>>> print(open('target.txt').read())   # compact mmCIF, C-alpha atoms
# COMPACT_ATOMS: atom_id res chain seq x y z
CA MET A 1 30.16 -12.47 1.76
CA ASN A 2 29.32 -10.18 4.68
CA ALA A 3 29.81 -7.20 2.37
CA ILE A 4 26.99 -8.48 0.16
CA GLU A 5 24.67 -8.83 3.16
CA SER A 6 25.54 -5.27 4.16
CA TYR A 7 24.81 -4.15 0.61
CA ALA A 8 21.41 -5.85 0.73
CA ASP A 9 20.62 -4.31 4.12
CA GLU A 10 21.59 -0.84 2.92
CA LEU A 11 19.46 -1.21 -0.20
CA ALA A 12 16.48 -2.46 1.79
CA ALA A 13 16.75 0.52 4.14
CA GLU A 14 16.47 2.93 1.21
CA LEU A 15 13.41 1.31 -0.39
CA ARG A 16 9.73 1.71 0.42
CA GLY A 17 6.93 -0.48 -0.88
CA PRO A 18 4.98 -3.71 -0.34
CA ALA A 19 6.93 -5.88 2.09
CA ARG A 20 6.86 -9.04 -0.04
CA ALA A 21 7.76 -7.29 -3.28
CA LYS A 22 10.55 -5.39 -1.57
CA ALA A 23 11.96 -8.51 0.09
CA ARG A 24 11.83 -10.43 -3.19
CA MET A 25 13.59 -7.62 -5.06
CA VAL A 26 16.36 -7.28 -2.48
CA ARG A 27 16.79 -11.06 -2.36
CA GLU A 28 17.15 -11.29 -6.14
CA ILE A 29 19.78 -8.54 -6.18
CA ARG A 30 21.65 -10.11 -3.27
CA ASP A 31 21.62 -13.52 -4.99
CA GLY A 32 22.81 -11.93 -8.22
CA LEU A 33 25.70 -10.27 -6.41
CA SER A 34 26.58 -13.53 -4.68
CA ASP A 35 26.57 -15.47 -7.95
CA THR A 36 28.69 -12.85 -9.69
CA ALA A 37 31.19 -12.72 -6.84
CA ALA A 38 31.35 -16.53 -6.64
CA ALA A 39 32.06 -16.75 -10.37
CA ARG A 40 34.92 -14.28 -10.00
CA VAL A 41 36.34 -16.22 -7.05
CA GLU A 42 36.30 -19.36 -9.17
CA ALA A 43 38.16 -17.40 -11.83
CA GLY A 44 40.93 -16.77 -9.32
CA LEU A 45 40.14 -13.41 -7.73
CA PRO A 46 40.40 -12.97 -3.95
CA PRO A 47 36.93 -12.90 -2.31
CA GLU A 48 37.20 -9.24 -1.28
CA GLN A 49 38.17 -8.17 -4.79
CA ALA A 50 35.44 -10.36 -6.28
CA VAL A 51 32.80 -8.68 -4.13
CA ARG A 52 34.09 -5.19 -4.97
CA ASP A 53 33.99 -6.00 -8.67
CA ALA A 54 30.47 -7.41 -8.38
CA VAL A 55 29.25 -4.31 -6.56
CA ARG A 56 30.91 -2.07 -9.13
CA GLU A 57 29.14 -4.01 -11.89
CA PHE A 58 25.72 -3.83 -10.21
CA GLY A 59 26.10 -0.29 -8.87
CA THR A 60 26.02 0.99 -5.30
CA PRO A 61 22.75 0.84 -3.30
CA ALA A 62 22.28 4.57 -3.90
CA GLU A 63 22.64 4.01 -7.65
CA VAL A 64 20.39 0.95 -7.79
CA ALA A 65 17.67 2.24 -5.45
CA PRO A 66 15.93 4.71 -7.81
CA SER A 67 15.11 2.11 -10.47
CA CYS A 68 14.03 -0.36 -7.78
CA GLN A 69 11.91 2.30 -6.10
CA GLN A 70 10.09 3.10 -9.31
CA GLU A 71 8.90 -0.48 -9.58
CA LEU A 72 8.00 -0.66 -5.90
CA THR A 73 6.07 2.61 -6.06
CA VAL A 74 3.87 1.24 -8.82
CA ALA A 75 3.39 -1.96 -6.82
CA GLN A 76 2.43 0.02 -3.71
CA THR A 77 0.01 2.15 -5.71
CA ARG A 78 -1.71 -1.01 -6.87
CA HIS A 79 -1.61 -2.41 -3.32
CA THR A 80 -3.40 0.67 -1.97
CA ALA A 81 -5.95 0.51 -4.79
CA PHE A 82 -6.62 -3.14 -4.00
CA ALA A 83 -7.01 -2.26 -0.33
CA LEU A 84 -9.64 0.31 -1.26
CA LEU A 85 -11.54 -2.04 -3.53
CA SER A 86 -11.49 -4.91 -1.04
CA THR A 87 -12.72 -2.87 1.95
CA VAL A 88 -14.93 0.01 0.84
CA PRO A 89 -17.57 -2.02 -1.08
CA VAL A 90 -18.03 -4.35 1.91
CA LEU A 91 -18.45 -1.42 4.28
CA LEU A 92 -20.82 0.31 1.88
CA GLY A 93 -22.97 -2.82 1.94
CA CYS A 94 -22.95 -2.86 5.75
CA TRP A 95 -23.77 0.85 5.95
CA HIS A 96 -26.63 0.42 3.46
CA LEU A 97 -28.01 -2.42 5.57
CA ALA A 98 -27.85 -0.20 8.67
CA TRP A 99 -29.68 2.61 6.85
CA THR A 100 -32.35 0.18 5.67
CA ILE A 101 -32.90 -1.16 9.19
CA GLY A 102 -32.93 2.36 10.59
CA ARG A 103 -35.52 3.47 8.06
CA ASP A 104 -37.72 0.51 9.00
CA GLN A 105 -37.41 1.63 12.62
CA GLY A 106 -38.39 5.19 11.74
CA VAL A 107 -34.88 6.63 11.90
CA PRO A 108 -34.05 8.89 8.92
CA PRO A 109 -30.69 8.25 7.21
CA SER A 110 -27.88 10.35 8.64
CA GLN A 111 -26.86 12.96 6.09
CA THR A 112 -23.38 13.07 7.58
CA ALA A 113 -22.98 9.32 7.26
CA GLN A 114 -24.27 9.43 3.70
CA LEU A 115 -21.79 12.16 2.77
CA LEU A 116 -18.89 10.26 4.32
CA ALA A 117 -19.97 7.05 2.60
CA THR A 118 -20.09 8.92 -0.70
CA ILE A 119 -16.51 10.07 -0.11
CA ALA A 120 -15.41 6.49 0.58
CA GLY A 121 -17.27 5.25 -2.49
CA THR A 122 -15.66 7.90 -4.67
CA ALA A 123 -12.27 6.84 -3.32
CA ALA A 124 -13.02 3.27 -4.41
CA VAL A 125 -13.76 4.52 -7.93
CA VAL A 126 -10.40 6.32 -7.94
CA GLY A 127 -8.78 3.07 -6.80
CA CYS A 128 -10.37 1.20 -9.69
CA ALA A 129 -9.07 3.81 -12.12
CA ALA A 130 -5.60 3.54 -10.57
CA LEU A 131 -5.56 -0.21 -11.13
CA LEU A 132 -6.38 0.30 -14.79
CA ILE A 133 -3.78 3.05 -15.21
CA THR A 134 -0.99 1.03 -13.55
CA ARG A 135 -1.41 -1.68 -16.16
CA ARG A 136 0.27 0.71 -18.57
CA LEU A 137 4.01 0.72 -19.14
CA SER A 138 4.29 4.33 -17.97
CA VAL A 139 2.53 5.56 -14.84
CA PRO A 140 1.86 9.30 -14.28
CA ASP A 141 4.25 10.70 -11.69
CA ARG A 142 1.43 12.15 -9.59
CA LEU A 143 -0.65 8.97 -9.46
CA PRO A 144 1.06 7.39 -6.41
CA LEU A 145 0.57 10.56 -4.36
CA ILE A 146 -3.04 10.87 -5.53
CA MET A 147 -3.65 7.26 -4.56
CA ALA A 148 -1.96 7.78 -1.19
CA TRP A 149 -4.16 10.74 -0.24
CA THR A 150 -7.26 9.06 -1.66
CA GLY A 151 -6.60 6.06 0.57
CA THR A 152 -5.95 8.30 3.56
CA THR A 153 -9.20 10.19 2.98
CA ALA A 154 -11.19 6.97 2.70
CA SER A 155 -9.57 5.52 5.82
CA ILE A 156 -10.62 8.63 7.77
CA ALA A 157 -14.16 8.52 6.37
CA MET A 158 -14.61 4.89 7.45
CA PRO A 159 -14.67 5.31 11.26
CA LEU A 160 -16.46 8.66 11.01
CA THR A 161 -19.27 7.05 9.00
CA THR A 162 -19.60 4.24 11.51
CA ILE A 163 -19.70 6.73 14.40
CA ALA A 164 -22.39 8.73 12.61
CA LEU A 165 -24.44 5.57 12.14
CA ALA A 166 -23.95 4.48 15.74
CA THR A 167 -25.17 7.81 17.08
CA ALA A 168 -28.24 7.81 14.81
CA LEU A 169 -29.50 4.26 15.29
CA PRO A 170 -31.06 3.01 18.55
CA LEU A 171 -28.21 1.09 20.17
CA ALA A 172 -30.45 -1.28 22.12
CA ASP A 173 -32.07 -2.61 18.96
CA ASN A 174 -29.07 -2.61 16.65
CA TRP A 175 -25.99 -3.30 18.75
CA PRO A 176 -25.09 -6.66 17.06
CA LEU A 177 -25.07 -5.06 13.61
CA LEU A 178 -23.21 -1.98 14.83
CA LEU A 179 -20.65 -4.19 16.57
CA ILE A 180 -20.01 -6.11 13.34
CA ILE A 181 -19.72 -2.88 11.36
CA ALA A 182 -17.38 -1.39 13.97
CA ALA A 183 -15.11 -4.46 13.89
CA GLY A 184 -15.02 -4.46 10.09
CA THR A 185 -14.38 -0.74 10.02
CA ALA A 186 -11.47 -1.04 12.44
CA ALA A 187 -9.84 -3.78 10.36
CA ALA A 188 -10.44 -1.94 7.08
CA HIS A 189 -9.19 1.37 8.49
CA SER A 190 -5.98 -0.20 9.77
CA ALA A 191 -5.20 -1.99 6.50
CA LEU A 192 -6.01 0.97 4.29
CA ALA A 193 -4.35 3.62 6.46
CA ASN A 194 -1.10 1.64 6.63
CA SER A 195 -1.11 1.00 2.89
CA ALA A 196 -1.83 4.66 2.13
CA LYS A 197 0.99 5.76 4.47
CA THR A 198 3.46 3.50 2.70
CA CYS A 199 2.19 4.72 -0.67
CA ARG A 200 2.82 8.30 0.43
CA GLU A 201 6.35 7.37 1.52
CA CYS A 202 6.92 5.74 -1.88
CA ALA A 203 5.68 8.83 -3.70
CA GLU A 204 8.14 10.97 -1.77
CA GLN A 205 11.14 8.80 -2.63
CA PRO A 206 13.45 9.85 -5.48
CA ARG A 207 12.84 7.76 -8.59
>>> encode(input="target.txt", output="structure tokens")
Amino acid sequence: MNAIESYADELAAELRGPARAKARMVREIRDGLSDTAAARVEAGLPPEQAVRDAVREFGTPAEVAPSCQQELTVAQTRHTAFALLSTVPVLLGCWHLAWTIGRDQGVPPSQTAQLLATIAGTAAVVGCAALLITRRLSVPDRLPLIMAWTGTTASIAMPLTTIALATALPLADNWPLLLIIAAGTAAAHSALANSAKTCRECAEQPR
């Protein structure tokens, strides 16, 4: 059955999307090929012929990949939207707390930080809309790419907002809060940027 493993590896190399969803999809196809080939062997075919017939029935990796990619692209679009909605609101809360503390200390809110936070918040709204849209049976072709660049924009705005806050607030009085925000921003940026990158790769794949 080495040919089936090679088939699964070739298919996996052509697909982009959430790691778990992709692994589950490839595993199901590999198991289906194995079961089909095994049934043909039991019917009396030589193993090599059984595998060739099973592959011909399923289609080559290049033939199967587009339909698989379509499903994975929708899954990745939702994954990126979830990443936005699980990170941006938390950071907005932290940034609002920093602004409130700064105002109490006589430091006016940074207009740059507010603008960047607004961009991140708008991205979260787009993510919410994407989740609703992807519940439909048909997803607009441009949505994955829109979601990818929305996630990328938000991931860039995150560290820039934190830097703007850090330069505006007195570090001596606010370093614990700024440290927490910086750590959260780094984690959120990494998760969102990676998801958005994969979403962009999915959008560029033929479907």
>>> closest_atom_pairs(input="target.txt", of="range 16-81 of chain A", to="range 147-165 of chain A", cutoff="12 Å", atoms="all atoms listed in the file", output="Markdown table")
| residue | atom | partner | partner_atom | distance |
| --- | --- | --- | --- | --- |
| A:Thr73 | CA | A:Ala148 | CA | 10.7 |
| A:Val74 | CA | A:Met147 | CA | 10.5 |
| A:Ala75 | CA | A:Met147 | CA | 11.8 |
| A:Gln76 | CA | A:Ala148 | CA | 9.3 |
| A:Thr77 | CA | A:Met147 | CA | 6.4 |
| A:Arg78 | CA | A:Met147 | CA | 8.8 |
| A:His79 | CA | A:Met147 | CA | 10.0 |
| A:Thr80 | CA | A:Gly151 | CA | 6.8 |
| A:Ala81 | CA | A:Met147 | CA | 7.1 |
>>> residues_near_point(input="target.txt", point="(-29.3, 11.4, 9.2)", cutoff="12 Å", atoms="all atoms listed in the file", output="list in words")
Ala98, Trp99, Gly102, Arg103, Gly106, Val107, Pro108, Pro109, Ser110, Gln111, Thr112, Ala113, Gln114, Leu115, Leu116, Thr161, Ile163, Ala164, Leu165, Ala166, Thr167, Ala168 and Leu169 of chain A
>>> write_last_selection(input="target.txt", atoms="C-alpha atoms", output="mmCIF file, in the coordinates of the input")
data_model
loop_
_atom_site.group_PDB
_atom_site.id
_atom_site.type_symbol
_atom_site.label_atom_id
_atom_site.label_comp_id
_atom_site.auth_asym_id
_atom_site.auth_seq_id
_atom_site.Cartn_x
_atom_site.Cartn_y
_atom_site.Cartn_z
ATOM 1 C CA ALA A 98 -27.850 -0.200 8.670
ATOM 2 C CA TRP A 99 -29.680 2.610 6.850
ATOM 3 C CA GLY A 102 -32.930 2.360 10.590
ATOM 4 C CA ARG A 103 -35.520 3.470 8.060
ATOM 5 C CA GLY A 106 -38.390 5.190 11.740
ATOM 6 C CA VAL A 107 -34.880 6.630 11.900
ATOM 7 C CA PRO A 108 -34.050 8.890 8.920
ATOM 8 C CA PRO A 109 -30.690 8.250 7.210
ATOM 9 C CA SER A 110 -27.880 10.350 8.640
ATOM 10 C CA GLN A 111 -26.860 12.960 6.090
ATOM 11 C CA THR A 112 -23.380 13.070 7.580
ATOM 12 C CA ALA A 113 -22.980 9.320 7.260
ATOM 13 C CA GLN A 114 -24.270 9.430 3.700
ATOM 14 C CA LEU A 115 -21.790 12.160 2.770
ATOM 15 C CA LEU A 116 -18.890 10.260 4.320
ATOM 16 C CA THR A 161 -19.270 7.050 9.000
ATOM 17 C CA ILE A 163 -19.700 6.730 14.400
ATOM 18 C CA ALA A 164 -22.390 8.730 12.610
ATOM 19 C CA LEU A 165 -24.440 5.570 12.140
ATOM 20 C CA ALA A 166 -23.950 4.480 15.740
ATOM 21 C CA THR A 167 -25.170 7.810 17.080
ATOM 22 C CA ALA A 168 -28.240 7.810 14.810
ATOM 23 C CA LEU A 169 -29.500 4.260 15.290
#
>>> atom_distance(input="target.txt", atom1="CA of Ala203 in chain A", atom2="CA of Leu72 in chain A")
10.0 Å
>>> residues_around(input="target.txt", residues="range 87-95 of chain A", least_positions_apart="6", cutoff="7 Å", atoms="all atoms listed in the file", output="VMD selection string")
chain A and resid 117 120 to 121 124 181 188
>>> closest_residue(input="target.txt", among="A:Val64, A:Pro144, A:Arg27, A:Leu97", to="Ser195 in chain A", atoms="all atoms listed in the file")
A:Pro144
>>> closest_residue(input="target.txt", among="A:Val41, A:Glu71, A:His96, A:Thr36", to="Glu57 in chain A", atoms="all atoms listed in the file")
A:Thr36
>>> closest_residue(input="target.txt", among="A:Ile4, A:Ala19, A:Leu178, A:Cys199", to="Arg52 in chain A", atoms="only C-alpha atoms")
A:Ile4
>>> atom_distance(input="target.txt", atom1="CA of Gly59 in chain A", atom2="CA of Lys197 in chain A")
29.1 Å
>>> atom_distance(input="target.txt", atom1="CA of Cys202 in chain A", atom2="CA of Arg16 in chain A")
5.4 Å
>>> closest_residue(input="target.txt", among="A:Ala38, A:Cys68, A:Ala43, A:Leu85", to="Ala12 in chain A", atoms="all atoms listed in the file")
A:Cys68
>>> residues_near_point(input="target.txt", point="(24.5, -8.3, -5.8)", cutoff="7 Å", atoms="only C-alpha atoms", output="MDAnalysis selection string")
chainID A and resid 4 29:34 54:55 58
>>> closest_residue(input="target.txt", among="A:Glu14, A:Glu48, A:Glu42, A:Asp53", to="Pro206 in chain A", atoms="only C-alpha atoms")
A:Glu14
